[in-house]
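Note: the block below is final-v1.pdb and it holds PDB, C-alpha atoms.
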```
ATOM      1  CA  MET A 199      88.294 116.027 114.894
ATOM      2  CA  SER A 200      88.062 118.437 112.038
ATOM      3  CA  ALA A 201      88.569 117.309 108.450
ATOM      4  CA  PRO A 202      92.106 117.399 107.004
ATOM      5  CA  ILE A 203      93.056 120.846 105.851
ATOM      6  CA  SER A 204      93.007 121.434 102.086
ATOM      7  CA  ARG A 205      95.161 123.687  99.936
ATOM      8  CA  ARG A 206      92.175 126.025  99.620
ATOM      9  CA  ASN A 207      91.690 126.076 103.377
ATOM     10  CA  VAL A 208      95.336 127.018 103.874
ATOM     11  CA  ILE A 209      94.804 130.071 101.687
ATOM     12  CA  GLN A 210      91.582 130.985 103.469
ATOM     13  CA  LEU A 211      93.245 130.624 106.852
ATOM     14  CA  SER A 212      96.071 132.890 105.809
ATOM     15  CA  MET A 213      93.594 135.572 104.716
ATOM     16  CA  GLY A 214      90.933 135.228 107.385
ATOM     17  CA  ALA A 215      92.982 134.571 110.501
ATOM     18  CA  ALA A 216      95.952 136.854 110.038
ATOM     19  CA  ALA A 217      95.738 138.357 113.484
ATOM     20  CA  ILE A 218      95.719 134.960 115.176
ATOM     21  CA  SER A 219      98.569 133.801 112.944
ATOM     22  CA  LEU A 220     100.747 136.725 113.891
ATOM     23  CA  LEU A 221     100.212 136.043 117.561
ATOM     24  CA  ALA A 222     101.087 132.386 117.098
ATOM     25  CA  ALA A 223     104.176 133.270 115.099
ATOM     26  CA  CYS A 224     105.445 135.276 118.032
ATOM     27  CA  GLY A 225     104.708 132.516 120.546
ATOM     28  CA  ALA A 226     101.967 134.711 122.011
ATOM     29  CA  LYS A 227     101.197 134.325 125.705
ATOM     30  CA  ASN A 228      97.609 133.386 126.466
ATOM     31  CA  GLY A 229      97.549 133.428 130.236
ATOM     32  CA  SER A 230      99.128 131.603 133.121
ATOM     33  CA  ALA A 231      98.843 128.309 134.943
ATOM     34  CA  GLY A 232      99.996 128.157 138.527
ATOM     35  CA  GLY A 233     101.816 131.439 138.049
ATOM     36  CA  LYS A 234     103.632 130.146 134.950
ATOM     37  CA  GLN A 235     103.096 131.894 131.627
ATOM     38  CA  VAL A 236     101.473 129.709 128.986
ATOM     39  CA  ALA A 237     102.278 130.135 125.292
ATOM     40  CA  ASP A 238      99.962 129.128 122.459
ATOM     41  CA  ILE A 239     101.477 126.828 119.851
ATOM     42  CA  LYS A 240      99.798 125.680 116.648
ATOM     43  CA  VAL A 241     100.877 122.160 115.751
ATOM     44  CA  GLY A 242     100.303 120.560 112.350
ATOM     45  CA  TYR A 243      99.958 116.789 112.286
ATOM     46  CA  ILE A 244      99.032 113.941 109.953
ATOM     47  CA  ALA A 245      96.277 111.599 111.109
ATOM     48  CA  ASP A 246      98.237 108.367 111.538
ATOM     49  CA  TYR A 247     100.391 106.712 114.205
ATOM     50  CA  ASN A 248     103.634 108.394 113.190
ATOM     51  CA  GLY A 249     102.061 111.771 112.617
ATOM     52  CA  ALA A 250      99.885 112.005 115.728
ATOM     53  CA  GLY A 251     101.268 109.581 118.327
ATOM     54  CA  LEU A 252     103.442 112.060 120.209
ATOM     55  CA  MET A 253     100.657 114.642 120.215
ATOM     56  CA  ALA A 254      98.302 112.089 121.774
ATOM     57  CA  VAL A 255     100.841 111.125 124.442
ATOM     58  CA  ALA A 256     101.682 114.743 125.269
ATOM     59  CA  ASP A 257      97.985 115.421 125.804
ATOM     60  CA  GLN A 258      97.399 112.316 127.888
ATOM     61  CA  GLU A 259     100.446 112.781 130.114
ATOM     62  CA  GLY A 260     100.119 116.559 130.544
ATOM     63  CA  TYR A 261     103.520 117.341 129.010
ATOM     64  CA  TRP A 262     102.311 120.496 127.242
ATOM     65  CA  ALA A 263     101.238 122.117 130.485
ATOM     66  CA  LYS A 264     104.521 121.153 132.163
ATOM     67  CA  ALA A 265     106.382 122.966 129.375
ATOM     68  CA  GLY A 266     104.164 126.047 129.572
ATOM     69  CA  LEU A 267     102.522 125.414 126.205
ATOM     70  CA  LYS A 268      98.917 125.235 125.064
ATOM     71  CA  PRO A 269      98.583 123.384 121.732
ATOM     72  CA  GLN A 270      96.069 123.867 118.965
ATOM     73  CA  TYR A 271      96.122 120.946 116.533
ATOM     74  CA  ILE A 272      95.638 121.367 112.798
ATOM     75  CA  PRO A 273      95.465 118.235 110.593
ATOM     76  CA  PHE A 274      97.103 117.956 107.174
ATOM     77  CA  THR A 275      97.091 115.233 104.557
ATOM     78  CA  ASN A 276     100.788 115.576 103.662
ATOM     79  CA  GLY A 277     104.026 117.367 104.542
ATOM     80  CA  PRO A 278     104.207 119.842 101.631
ATOM     81  CA  LEU A 279     100.819 121.296 102.601
ATOM     82  CA  ALA A 280     101.941 121.602 106.219
ATOM     83  CA  ILE A 281     105.100 123.436 105.180
ATOM     84  CA  GLN A 282     103.004 125.733 103.015
ATOM     85  CA  ALA A 283     101.049 126.594 106.159
ATOM     86  CA  LEU A 284     104.309 127.270 108.010
ATOM     87  CA  GLY A 285     105.166 129.760 105.287
ATOM     88  CA  THR A 286     101.926 131.666 105.849
ATOM     89  CA  ASN A 287     102.281 131.543 109.672
ATOM     90  CA  ASN A 288      99.116 129.497 110.081
ATOM     91  CA  ILE A 289     101.001 126.962 112.213
ATOM     92  CA  ASP A 290     104.152 127.125 114.322
ATOM     93  CA  VAL A 291     105.498 123.597 113.930
ATOM     94  CA  ALA A 292     104.511 120.569 111.868
ATOM     95  CA  TYR A 293     105.096 116.864 111.469
ATOM     96  CA  ILE A 294     106.303 115.804 108.008
ATOM     97  CA  GLY A 295     107.305 112.504 106.446
ATOM     98  CA  SER A 296     110.639 111.916 104.758
ATOM     99  CA  GLY A 297     109.339 112.696 101.286
ATOM    100  CA  ALA A 298     108.827 116.351 102.218
ATOM    101  CA  LEU A 299     112.367 116.820 103.540
ATOM    102  CA  TRP A 300     113.404 118.351 100.230
ATOM    103  CA  LEU A 301     111.601 121.484 101.423
ATOM    104  CA  PRO A 302     113.837 122.038 104.502
ATOM    105  CA  ALA A 303     116.795 121.264 102.239
ATOM    106  CA  SER A 304     115.498 124.044  99.956
ATOM    107  CA  GLY A 305     115.378 126.545 102.807
ATOM    108  CA  LYS A 306     111.599 126.356 103.319
ATOM    109  CA  ALA A 307     111.766 124.969 106.875
ATOM    110  CA  GLU A 308     114.122 123.851 109.633
ATOM    111  CA  ILE A 309     114.103 120.547 111.507
ATOM    112  CA  TRP A 310     113.560 120.693 115.267
ATOM    113  CA  SER A 311     113.405 116.960 115.962
ATOM    114  CA  VAL A 312     113.523 113.557 114.313
ATOM    115  CA  ASN A 313     110.412 111.501 115.070
ATOM    116  CA  SER A 314     111.056 107.982 113.753
ATOM    117  CA  ILE A 315     112.119 106.057 110.671
ATOM    118  CA  SER A 316     109.284 104.838 108.490
ATOM    119  CA  ASN A 317     108.684 101.609 106.624
ATOM    120  CA  ALA A 318     105.139 102.621 105.743
ATOM    121  CA  ASP A 319     105.596 103.578 102.086
ATOM    122  CA  ARG A 320     104.770 101.288  99.192
ATOM    123  CA  ILE A 321     104.622 101.230  95.412
ATOM    124  CA  ILE A 322     101.413  99.301  94.775
ATOM    125  CA  ALA A 323      99.834  97.921  91.628
ATOM    126  CA  GLN A 324      96.562  96.354  90.576
ATOM    127  CA  PRO A 325      96.227  92.560  90.905
ATOM    128  CA  GLY A 326      98.066  90.682  88.168
ATOM    129  CA  ILE A 327     100.907  93.190  87.795
ATOM    130  CA  LYS A 328     104.173  91.611  88.883
ATOM    131  CA  THR A 329     106.917  94.201  88.312
ATOM    132  CA  LEU A 330     107.360  97.940  88.038
ATOM    133  CA  ALA A 331     108.193  97.470  84.351
ATOM    134  CA  ASP A 332     104.713  95.970  83.860
ATOM    135  CA  LEU A 333     103.340  99.448  84.608
ATOM    136  CA  LYS A 334     105.141 101.075  81.658
ATOM    137  CA  GLY A 335     102.720 103.313  79.771
ATOM    138  CA  LYS A 336     100.107 102.932  82.505
ATOM    139  CA  LYS A 337      98.721 105.411  85.022
ATOM    140  CA  ILE A 338     100.436 105.743  88.409
ATOM    141  CA  GLY A 339      98.896 108.060  91.005
ATOM    142  CA  VAL A 340     101.554 109.966  92.942
ATOM    143  CA  PRO A 341     101.128 112.593  95.685
ATOM    144  CA  THR A 342     103.914 114.932  94.593
ATOM    145  CA  GLY A 343     106.691 115.695  97.057
ATOM    146  CA  THR A 344     105.702 113.012  99.557
ATOM    147  CA  SER A 345     107.522 109.940 100.861
ATOM    148  CA  GLY A 346     105.587 107.838  98.343
ATOM    149  CA  ASP A 347     106.973 109.993  95.536
ATOM    150  CA  GLN A 348     110.433 109.610  97.059
ATOM    151  CA  LEU A 349     110.118 105.808  97.132
ATOM    152  CA  LEU A 350     109.015 105.809  93.497
ATOM    153  CA  GLY A 351     112.167 107.716  92.542
ATOM    154  CA  LEU A 352     114.339 105.126  94.285
ATOM    155  CA  ALA A 353     112.453 102.250  92.689
ATOM    156  CA  LEU A 354     112.798 103.725  89.201
ATOM    157  CA  GLU A 355     116.524 104.208  89.686
ATOM    158  CA  LYS A 356     116.916 100.642  90.941
ATOM    159  CA  GLU A 357     115.047  99.232  87.942
ATOM    160  CA  GLY A 358     116.746 101.490  85.370
ATOM    161  CA  LEU A 359     113.456 103.149  84.434
ATOM    162  CA  GLN A 360     112.427 106.776  83.853
ATOM    163  CA  ARG A 361     109.342 108.699  84.916
ATOM    164  CA  SER A 362     108.674 109.302  81.233
ATOM    165  CA  ASP A 363     108.156 105.537  80.838
ATOM    166  CA  PHE A 364     104.884 105.895  82.759
ATOM    167  CA  ASN A 365     101.774 108.048  82.776
ATOM    168  CA  ILE A 366     102.378 109.593  86.197
ATOM    169  CA  VAL A 367      99.401 111.561  87.482
ATOM    170  CA  SER A 368      99.845 113.999  90.371
ATOM    171  CA  MET A 369      97.111 113.360  92.943
ATOM    172  CA  ASP A 370      96.466 114.224  96.548
ATOM    173  CA  PRO A 371      96.547 111.116  98.774
ATOM    174  CA  SER A 372      92.782 110.711  99.215
ATOM    175  CA  THR A 373      92.199 111.010  95.456
ATOM    176  CA  ALA A 374      94.871 108.376  94.777
ATOM    177  CA  VAL A 375      93.171 106.026  97.251
ATOM    178  CA  SER A 376      89.781 106.462  95.576
ATOM    179  CA  ALA A 377      91.207 106.204  92.061
ATOM    180  CA  PHE A 378      93.111 102.990  92.814
ATOM    181  CA  ALA A 379      90.150 101.407  94.591
ATOM    182  CA  ALA A 380      87.927 102.247  91.600
ATOM    183  CA  GLY A 381      90.446 100.850  89.098
ATOM    184  CA  GLN A 382      91.003 104.246  87.491
ATOM    185  CA  ILE A 383      94.790 104.022  87.939
ATOM    186  CA  ASP A 384      97.061 101.010  87.571
ATOM    187  CA  GLY A 385      99.560 101.850  90.311
ATOM    188  CA  ALA A 386     100.194 104.284  93.133
ATOM    189  CA  ALA A 387     102.964 105.551  95.388
ATOM    190  CA  LEU A 388     101.287 105.656  98.798
ATOM    191  CA  TRP A 389     101.722 104.585 102.415
ATOM    192  CA  TYR A 390      99.982 102.877 105.283
ATOM    193  CA  PRO A 391      97.324 103.429 106.651
ATOM    194  CA  LEU A 392      96.011 104.675 103.286
ATOM    195  CA  ILE A 393      96.820 101.300 101.750
ATOM    196  CA  ASP A 394      94.728  99.563 104.421
ATOM    197  CA  ASN A 395      91.764 101.562 103.134
ATOM    198  CA  ILE A 396      92.462 100.468  99.554
ATOM    199  CA  LYS A 397      92.707  96.817 100.582
ATOM    200  CA  LYS A 398      89.051  96.861 101.604
ATOM    201  CA  ALA A 399      88.210  97.190  97.908
ATOM    202  CA  LYS A 400      91.358  95.578  96.449
ATOM    203  CA  PRO A 401      92.514  92.880  98.891
ATOM    204  CA  ASN A 402      94.785  91.319  96.252
ATOM    205  CA  LEU A 403      96.695  94.466  95.326
ATOM    206  CA  VAL A 404     100.399  93.933  94.698
ATOM    207  CA  GLU A 405     103.148  95.616  96.735
ATOM    208  CA  LEU A 406     106.073  96.132  94.368
ATOM    209  CA  PHE A 407     108.444  98.131  96.600
ATOM    210  CA  SER A 408     108.707  99.281 100.206
ATOM    211  CA  ASN A 409     111.155 101.411 102.199
ATOM    212  CA  GLU A 410     112.762  98.198 103.371
ATOM    213  CA  ASN A 411     114.063  97.520  99.855
ATOM    214  CA  PHE A 412     116.478 100.434 100.341
ATOM    215  CA  ILE A 413     117.284 100.203 104.040
ATOM    216  CA  ASP A 414     120.990  99.535 103.418
ATOM    217  CA  THR A 415     121.518 102.856 101.647
ATOM    218  CA  PHE A 416     118.636 105.117 102.671
ATOM    219  CA  THR A 417     116.597 105.868 105.739
ATOM    220  CA  PHE A 418     113.214 107.542 105.700
ATOM    221  CA  PRO A 419     113.020 109.770 108.804
ATOM    222  CA  SER A 420     109.898 111.649 109.753
ATOM    223  CA  THR A 421     110.523 114.938 111.564
ATOM    224  CA  PHE A 422     109.030 117.975 113.251
ATOM    225  CA  VAL A 423     109.788 121.209 111.430
ATOM    226  CA  ALA A 424     109.240 124.944 111.799
ATOM    227  CA  GLY A 425     109.751 127.941 109.553
ATOM    228  CA  PRO A 426     113.365 128.750 108.621
ATOM    229  CA  GLY A 427     115.077 130.732 111.367
ATOM    230  CA  ARG A 428     112.179 130.288 113.786
ATOM    231  CA  ALA A 429     114.267 128.756 116.588
ATOM    232  CA  ALA A 430     116.715 131.653 116.494
ATOM    233  CA  LYS A 431     113.825 134.117 116.771
ATOM    234  CA  ASP A 432     111.904 132.199 119.435
ATOM    235  CA  LYS A 433     114.295 129.806 121.162
ATOM    236  CA  ASP A 434     112.107 129.354 124.244
ATOM    237  CA  LEU A 435     109.203 128.107 122.120
ATOM    238  CA  ALA A 436     111.501 125.757 120.191
ATOM    239  CA  THR A 437     113.198 124.394 123.309
ATOM    240  CA  ASN A 438     109.907 123.913 125.144
ATOM    241  CA  PHE A 439     108.390 122.120 122.157
ATOM    242  CA  ILE A 440     111.371 119.785 121.896
ATOM    243  CA  SER A 441     111.209 119.120 125.648
ATOM    244  CA  VAL A 442     107.622 117.911 125.161
ATOM    245  CA  ILE A 443     108.556 115.802 122.132
ATOM    246  CA  LYS A 444     111.424 114.142 124.009
ATOM    247  CA  ALA A 445     109.211 113.195 126.936
ATOM    248  CA  ALA A 446     106.449 111.890 124.675
ATOM    249  CA  ASN A 447     108.987 110.043 122.537
ATOM    250  CA  ASP A 448     110.416 108.125 125.486
ATOM    251  CA  TYR A 449     106.934 107.321 126.777
ATOM    252  CA  ARG A 450     106.060 105.939 123.319
ATOM    253  CA  TYR A 451     109.257 103.882 123.201
ATOM    254  CA  ASN A 452     108.563 102.286 126.586
ATOM    255  CA  ASN A 453     104.775 102.049 126.337
ATOM    256  CA  GLN A 454     103.833 101.203 122.773
ATOM    257  CA  ASP A 455     100.502  99.538 123.628
ATOM    258  CA  LYS A 456      99.423 102.543 125.693
ATOM    259  CA  THR A 457     100.585 104.893 122.930
ATOM    260  CA  ILE A 458      98.555 102.947 120.373
ATOM    261  CA  ALA A 459      95.484 103.290 122.593
ATOM    262  CA  ALA A 460      96.090 107.001 123.177
ATOM    263  CA  THR A 461      96.609 107.680 119.473
ATOM    264  CA  ALA A 462      93.511 105.709 118.500
ATOM    265  CA  SER A 463      91.498 107.780 120.975
ATOM    266  CA  PHE A 464      93.072 111.027 119.728
ATOM    267  CA  LEU A 465      92.209 110.200 116.107
ATOM    268  CA  LYS A 466      88.917 108.464 116.943
ATOM    269  CA  VAL A 467      89.833 105.221 115.153
ATOM    270  CA  LYS A 468      90.045 101.555 116.148
ATOM    271  CA  GLU A 469      93.029 100.377 118.164
ATOM    272  CA  GLU A 470      93.618  97.422 115.844
ATOM    273  CA  ASP A 471      94.018  99.815 112.898
ATOM    274  CA  MET A 472      96.491 101.881 114.879
ATOM    275  CA  LYS A 473      98.521  98.789 115.827
ATOM    276  CA  ALA A 474      99.051  97.938 112.163
ATOM    277  CA  GLN A 475     100.439 101.429 111.604
ATOM    278  CA  ALA A 476     102.745 101.186 114.609
ATOM    279  CA  ASP A 477     104.323  98.058 113.177
ATOM    280  CA  VAL A 478     105.897 100.011 110.280
ATOM    281  CA  ALA A 479     107.791 102.547 112.415
ATOM    282  CA  LYS A 480     111.319 102.168 113.823
ATOM    283  CA  LEU A 481     111.584 104.076 117.096
ATOM    284  CA  PHE A 482     114.534 105.508 119.012
ATOM    285  CA  THR A 483     114.885 106.775 122.561
ATOM    286  CA  SER A 484     115.596 110.487 122.926
ATOM    287  CA  LYS A 485     119.077 109.616 124.173
ATOM    288  CA  GLU A 486     119.697 107.607 121.019
ATOM    289  CA  LEU A 487     118.542 110.540 118.905
ATOM    290  CA  GLU A 488     120.847 112.840 120.869
ATOM    291  CA  ASP A 489     123.768 110.503 120.180
ATOM    292  CA  LEU A 490     122.850 110.174 116.495
ATOM    293  CA  SER A 491     122.695 113.963 116.289
ATOM    294  CA  THR A 492     126.024 114.519 118.054
ATOM    295  CA  LYS A 493     127.845 111.895 115.985
ATOM    296  CA  GLY A 494     126.545 113.351 112.718
ATOM    297  CA  THR A 495     124.583 110.228 111.792
ATOM    298  CA  ILE A 496     121.404 112.200 111.221
ATOM    299  CA  ASP A 497     123.356 114.604 109.003
ATOM    300  CA  THR A 498     124.455 111.563 107.003
ATOM    301  CA  TRP A 499     120.836 110.444 106.616
ATOM    302  CA  LEU A 500     119.828 113.906 105.451
ATOM    303  CA  LYS A 501     122.744 114.201 103.037
ATOM    304  CA  ALA A 502     121.813 110.893 101.381
ATOM    305  CA  LEU A 503     118.231 112.084 101.026
ATOM    306  CA  GLU A 504     119.422 115.325  99.466
ATOM    307  CA  GLU A 505     121.411 113.386  96.879
ATOM    308  CA  GLN A 506     118.291 111.427  96.022
ATOM    309  CA  PHE A 507     116.184 114.594  95.859
ATOM    310  CA  LYS A 508     118.723 116.142  93.498
ATOM    311  CA  THR A 509     118.656 113.080  91.246
ATOM    312  CA  GLY A 510     114.868 113.276  91.212
ATOM    313  CA  GLY A 511     114.868 116.974  90.335
ATOM    314  CA  LYS A 512     113.380 118.170  93.641
ATOM    315  CA  ILE A 513     116.434 120.297  94.512
ATOM    316  CA  THR A 514     119.252 121.732  92.431
ATOM    317  CA  ASN A 515     122.019 121.762  95.035
ATOM    318  CA  VAL A 516     123.013 119.578  97.984
ATOM    319  CA  VAL A 517     123.643 121.746 101.040
ATOM    320  CA  ASP A 518     125.193 121.046 104.431
ATOM    321  CA  PRO A 519     122.416 119.461 106.552
ATOM    322  CA  LYS A 520     123.552 121.702 109.414
ATOM    323  CA  THR A 521     121.899 124.589 107.567
ATOM    324  CA  PHE A 522     118.463 123.081 108.229
ATOM    325  CA  TYR A 523     119.041 120.762 111.216
ATOM    326  CA  ASN A 524     120.584 122.299 114.324
ATOM    327  CA  ALA A 525     121.622 119.220 116.296
ATOM    328  CA  ALA A 526     122.575 121.287 119.356
ATOM    329  CA  LEU A 527     119.040 122.668 119.599
ATOM    330  CA  TYR A 528     117.700 119.129 119.989
ATOM    331  CA  VAL A 529     120.506 117.824 122.192
ATOM    332  CA  ASP A 530     120.415 120.751 124.632
ATOM    333  CA  ALA A 531     116.647 120.647 125.245
ATOM    334  CA  LYS A 532     115.752 118.829 128.467
ATOM    335  CA  LYS A 533     112.719 116.574 128.815
ATOM    336  CA  VAL A 534     109.845 118.004 130.817
TER     337      VAL A 534
END
```

Reformat the file's structure so that it appears as structure tokens.
Amino acid sequence: MSAPISRRNVIQLSMGAAAISLLAACGAKNGSAGGKQVADIKVGYIADYNGAGLMAVADQEGYWAKAGLKPQYIPFTNGPLAIQALGTNNIDVAYIGSGALWLPASGKAEIWSVNSISNADRIIAQPGIKTLADLKGKKIGVPTGTSGDQLLGLALEKEGLQRSDFNIVSMDPSTAVSAFAAGQIDGAALWYPLIDNIKKAKPNLVELFSNENFIDTFTFPSTFVAGPGRAAKDKDLATNFISVIKAANDYRYNNQDKTIAATASFLKVKEEDMKAQADVAKLFTSKELEDLSTKGTIDTWLKALEEQFKTGGKITNVVDPKTFYNAALYVDAKKV
């Protein structure tokens, strides 16, 4: 598997592969299989259970071919970078965590499907630190615009603290991992499996907050997104993609052990590491997601997130979630 794509690589891709990007943006046909036209689709993913599991299942079970799609996978380290790539047409659709949902709410992307609800995020601190207030004046590594950043905002609000009370340093996830492990920062807003890597060097690190601390008022959905207006321009591509996601989603729900094995193989990691990641995801069947979409529950989740993003300064206005999540698009797509 290729290394995770960097911000620099995104720029280079946009300059050096413009012709390929334009073809992908149009859902370019690349041939046929059994008389059926096959469309290329570039899919951005994050290399963990939530971010790659459905891709692994779709490959293993042949769902892409059934939908007339041929995927090319491009790894990213976080959602904001993936959405940046959507904006330059280097990918067609991408997985993002909940912390990046402020970008669809800002008109930078549209949601095609909910993936799962995460409990993977943590505010962590060096051994000996007992509360978030103990970190006042100290360095906290935060990947800006991610679900870890989002959790930090909620934790600060809960504790009556301000970002200005801390020395918050913007870092990409891998840098935050290295800095925490080396003792260069006192805290971090990260997520599993990155925290598993840190624990190899800091087994006694302290977990101050998790998503579960806010489960009564907030959910943390991960989603698949595309560029704004993409489904309207290329509905067949959107519908076919969702049909694959629905089939893979139900396979995952009913076959978690097999999905763990498939994802471990896809990412070339150990199955036991993948199992630990799977334990922090709440899954739904596709029918449940259809019902949650139809009833407006997912809109409610998104609206609550928008309010939190506004409080944290990520967005200036709360908009109707229907402007960036078309529930009917998801509901109407049939599983392959």

Using only C-alpha atoms, determine which residues lie at most 10 Å from range 343-353 of chain A, disregarding the query and same-chain residues fewer than 4 positions distant; provide the list as a ChimeraX atom specification. /A:276-279,294-301,316,318-321,330,338-339,357-361,368,370-371,386-389,406-409,411-412,416,418-420,503,506-507,509-512

Residues as selected, C-alpha atoms, written as an mmCIF file, in the frame of the given file, can you do that?
```cif
data_model
loop_
_atom_site.group_PDB
_atom_site.id
_atom_site.type_symbol
_atom_site.label_atom_id
_atom_site.label_comp_id
_atom_site.auth_asym_id
_atom_site.auth_seq_id
_atom_site.Cartn_x
_atom_site.Cartn_y
_atom_site.Cartn_z
ATOM 1 C CA ASN A 276 100.788 115.576 103.662
ATOM 2 C CA GLY A 277 104.026 117.367 104.542
ATOM 3 C CA PRO A 278 104.207 119.842 101.631
ATOM 4 C CA LEU A 279 100.819 121.296 102.601
ATOM 5 C CA ILE A 294 106.303 115.804 108.008
ATOM 6 C CA GLY A 295 107.305 112.504 106.446
ATOM 7 C CA SER A 296 110.639 111.916 104.758
ATOM 8 C CA GLY A 297 109.339 112.696 101.286
ATOM 9 C CA ALA A 298 108.827 116.351 102.218
ATOM 10 C CA LEU A 299 112.367 116.820 103.540
ATOM 11 C CA TRP A 300 113.404 118.351 100.230
ATOM 12 C CA LEU A 301 111.601 121.484 101.423
ATOM 13 C CA SER A 316 109.284 104.838 108.490
ATOM 14 C CA ALA A 318 105.139 102.621 105.743
ATOM 15 C CA ASP A 319 105.596 103.578 102.086
ATOM 16 C CA ARG A 320 104.770 101.288 99.192
ATOM 17 C CA ILE A 321 104.622 101.230 95.412
ATOM 18 C CA LEU A 330 107.360 97.940 88.038
ATOM 19 C CA ILE A 338 100.436 105.743 88.409
ATOM 20 C CA GLY A 339 98.896 108.060 91.005
ATOM 21 C CA GLU A 357 115.047 99.232 87.942
ATOM 22 C CA GLY A 358 116.746 101.490 85.370
ATOM 23 C CA LEU A 359 113.456 103.149 84.434
ATOM 24 C CA GLN A 360 112.427 106.776 83.853
ATOM 25 C CA ARG A 361 109.342 108.699 84.916
ATOM 26 C CA SER A 368 99.845 113.999 90.371
ATOM 27 C CA ASP A 370 96.466 114.224 96.548
ATOM 28 C CA PRO A 371 96.547 111.116 98.774
ATOM 29 C CA ALA A 386 100.194 104.284 93.133
ATOM 30 C CA ALA A 387 102.964 105.551 95.388
ATOM 31 C CA LEU A 388 101.287 105.656 98.798
ATOM 32 C CA TRP A 389 101.722 104.585 102.415
ATOM 33 C CA LEU A 406 106.073 96.132 94.368
ATOM 34 C CA PHE A 407 108.444 98.131 96.600
ATOM 35 C CA SER A 408 108.707 99.281 100.206
ATOM 36 C CA ASN A 409 111.155 101.411 102.199
ATOM 37 C CA ASN A 411 114.063 97.520 99.855
ATOM 38 C CA PHE A 412 116.478 100.434 100.341
ATOM 39 C CA PHE A 416 118.636 105.117 102.671
ATOM 40 C CA PHE A 418 113.214 107.542 105.700
ATOM 41 C CA PRO A 419 113.020 109.770 108.804
ATOM 42 C CA SER A 420 109.898 111.649 109.753
ATOM 43 C CA LEU A 503 118.231 112.084 101.026
ATOM 44 C CA GLN A 506 118.291 111.427 96.022
ATOM 45 C CA PHE A 507 116.184 114.594 95.859
ATOM 46 C CA THR A 509 118.656 113.080 91.246
ATOM 47 C CA GLY A 510 114.868 113.276 91.212
ATOM 48 C CA GLY A 511 114.868 116.974 90.335
ATOM 49 C CA LYS A 512 113.380 118.170 93.641
#
```

Practice task
Name every residue that the PyMOL selection byres ((chain A and resi 336) around 7) selects in this structure, writing the answer as a list in words with chains first and numbers rising.
Solution key: Leu333, Lys334, Gly335, Lys337, Ile338, Phe364, Asn365 and Asp384 of chain A

What separates CA of Val255 in chain A and CA of Ile458 in chain A is a distance of 9.4 Å

One residue among A:Val236, A:Val442, A:Leu403, A:Met253 is nearest to Ala462 in chain A when using only C-alpha atoms, and that residue is A:Met253

Worksheet item: Within 8 Å of range 238-245 of chain A, counting only C-alpha atoms, which residues qualify if same-chain residues fewer than 5 places away don't, as a ChimeraX atom specification?
Response: /A:222,225-228,250,267-276,280,288-294,465

Using 3 Å of padding on each side, determine the axis-aligned box around all atoms of range 364-375 of chain A present in the file and give its centre and edge lengths in Å to one decimal, as lines of an AutoDock Vina configuration file.
```
center_x = 98.5
center_y = 110.1
center_z = 91.0
size_x = 18.7
size_y = 14.3
size_z = 22.5
```

Kindly resolve the PyMOL selection byres ((chain A and resi 305-310) around 9) on the present coordinates and return the residues as a PyMOL selection string.
chain A and resi 281-282+284-285+291+299-304+311-312+421-429+436-437+439-440+521-525+527-528

Save out the residues we just selected, C-alpha atoms, as a PDB file, keeping the file's coordinate frame.
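Below is the file again-v4.pdb, written as the result:
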```pdb
ATOM      1  CA  ILE A 281     105.100 123.436 105.180  1.00  0.00           C
ATOM      2  CA  GLN A 282     103.004 125.733 103.015  1.00  0.00           C
ATOM      3  CA  LEU A 284     104.309 127.270 108.010  1.00  0.00           C
ATOM      4  CA  GLY A 285     105.166 129.760 105.287  1.00  0.00           C
ATOM      5  CA  VAL A 291     105.498 123.597 113.930  1.00  0.00           C
ATOM      6  CA  LEU A 299     112.367 116.820 103.540  1.00  0.00           C
ATOM      7  CA  TRP A 300     113.404 118.351 100.230  1.00  0.00           C
ATOM      8  CA  LEU A 301     111.601 121.484 101.423  1.00  0.00           C
ATOM      9  CA  PRO A 302     113.837 122.038 104.502  1.00  0.00           C
ATOM     10  CA  ALA A 303     116.795 121.264 102.239  1.00  0.00           C
ATOM     11  CA  SER A 304     115.498 124.044  99.956  1.00  0.00           C
ATOM     12  CA  SER A 311     113.405 116.960 115.962  1.00  0.00           C
ATOM     13  CA  VAL A 312     113.523 113.557 114.313  1.00  0.00           C
ATOM     14  CA  THR A 421     110.523 114.938 111.564  1.00  0.00           C
ATOM     15  CA  PHE A 422     109.030 117.975 113.251  1.00  0.00           C
ATOM     16  CA  VAL A 423     109.788 121.209 111.430  1.00  0.00           C
ATOM     17  CA  ALA A 424     109.240 124.944 111.799  1.00  0.00           C
ATOM     18  CA  GLY A 425     109.751 127.941 109.553  1.00  0.00           C
ATOM     19  CA  PRO A 426     113.365 128.750 108.621  1.00  0.00           C
ATOM     20  CA  GLY A 427     115.077 130.732 111.367  1.00  0.00           C
ATOM     21  CA  ARG A 428     112.179 130.288 113.786  1.00  0.00           C
ATOM     22  CA  ALA A 429     114.267 128.756 116.588  1.00  0.00           C
ATOM     23  CA  ALA A 436     111.501 125.757 120.191  1.00  0.00           C
ATOM     24  CA  THR A 437     113.198 124.394 123.309  1.00  0.00           C
ATOM     25  CA  PHE A 439     108.390 122.120 122.157  1.00  0.00           C
ATOM     26  CA  ILE A 440     111.371 119.785 121.896  1.00  0.00           C
ATOM     27  CA  THR A 521     121.899 124.589 107.567  1.00  0.00           C
ATOM     28  CA  PHE A 522     118.463 123.081 108.229  1.00  0.00           C
ATOM     29  CA  TYR A 523     119.041 120.762 111.216  1.00  0.00           C
ATOM     30  CA  ASN A 524     120.584 122.299 114.324  1.00  0.00           C
ATOM     31  CA  ALA A 525     121.622 119.220 116.296  1.00  0.00           C
ATOM     32  CA  LEU A 527     119.040 122.668 119.599  1.00  0.00           C
ATOM     33  CA  TYR A 528     117.700 119.129 119.989  1.00  0.00           C
TER      34      TYR A 528
END
```
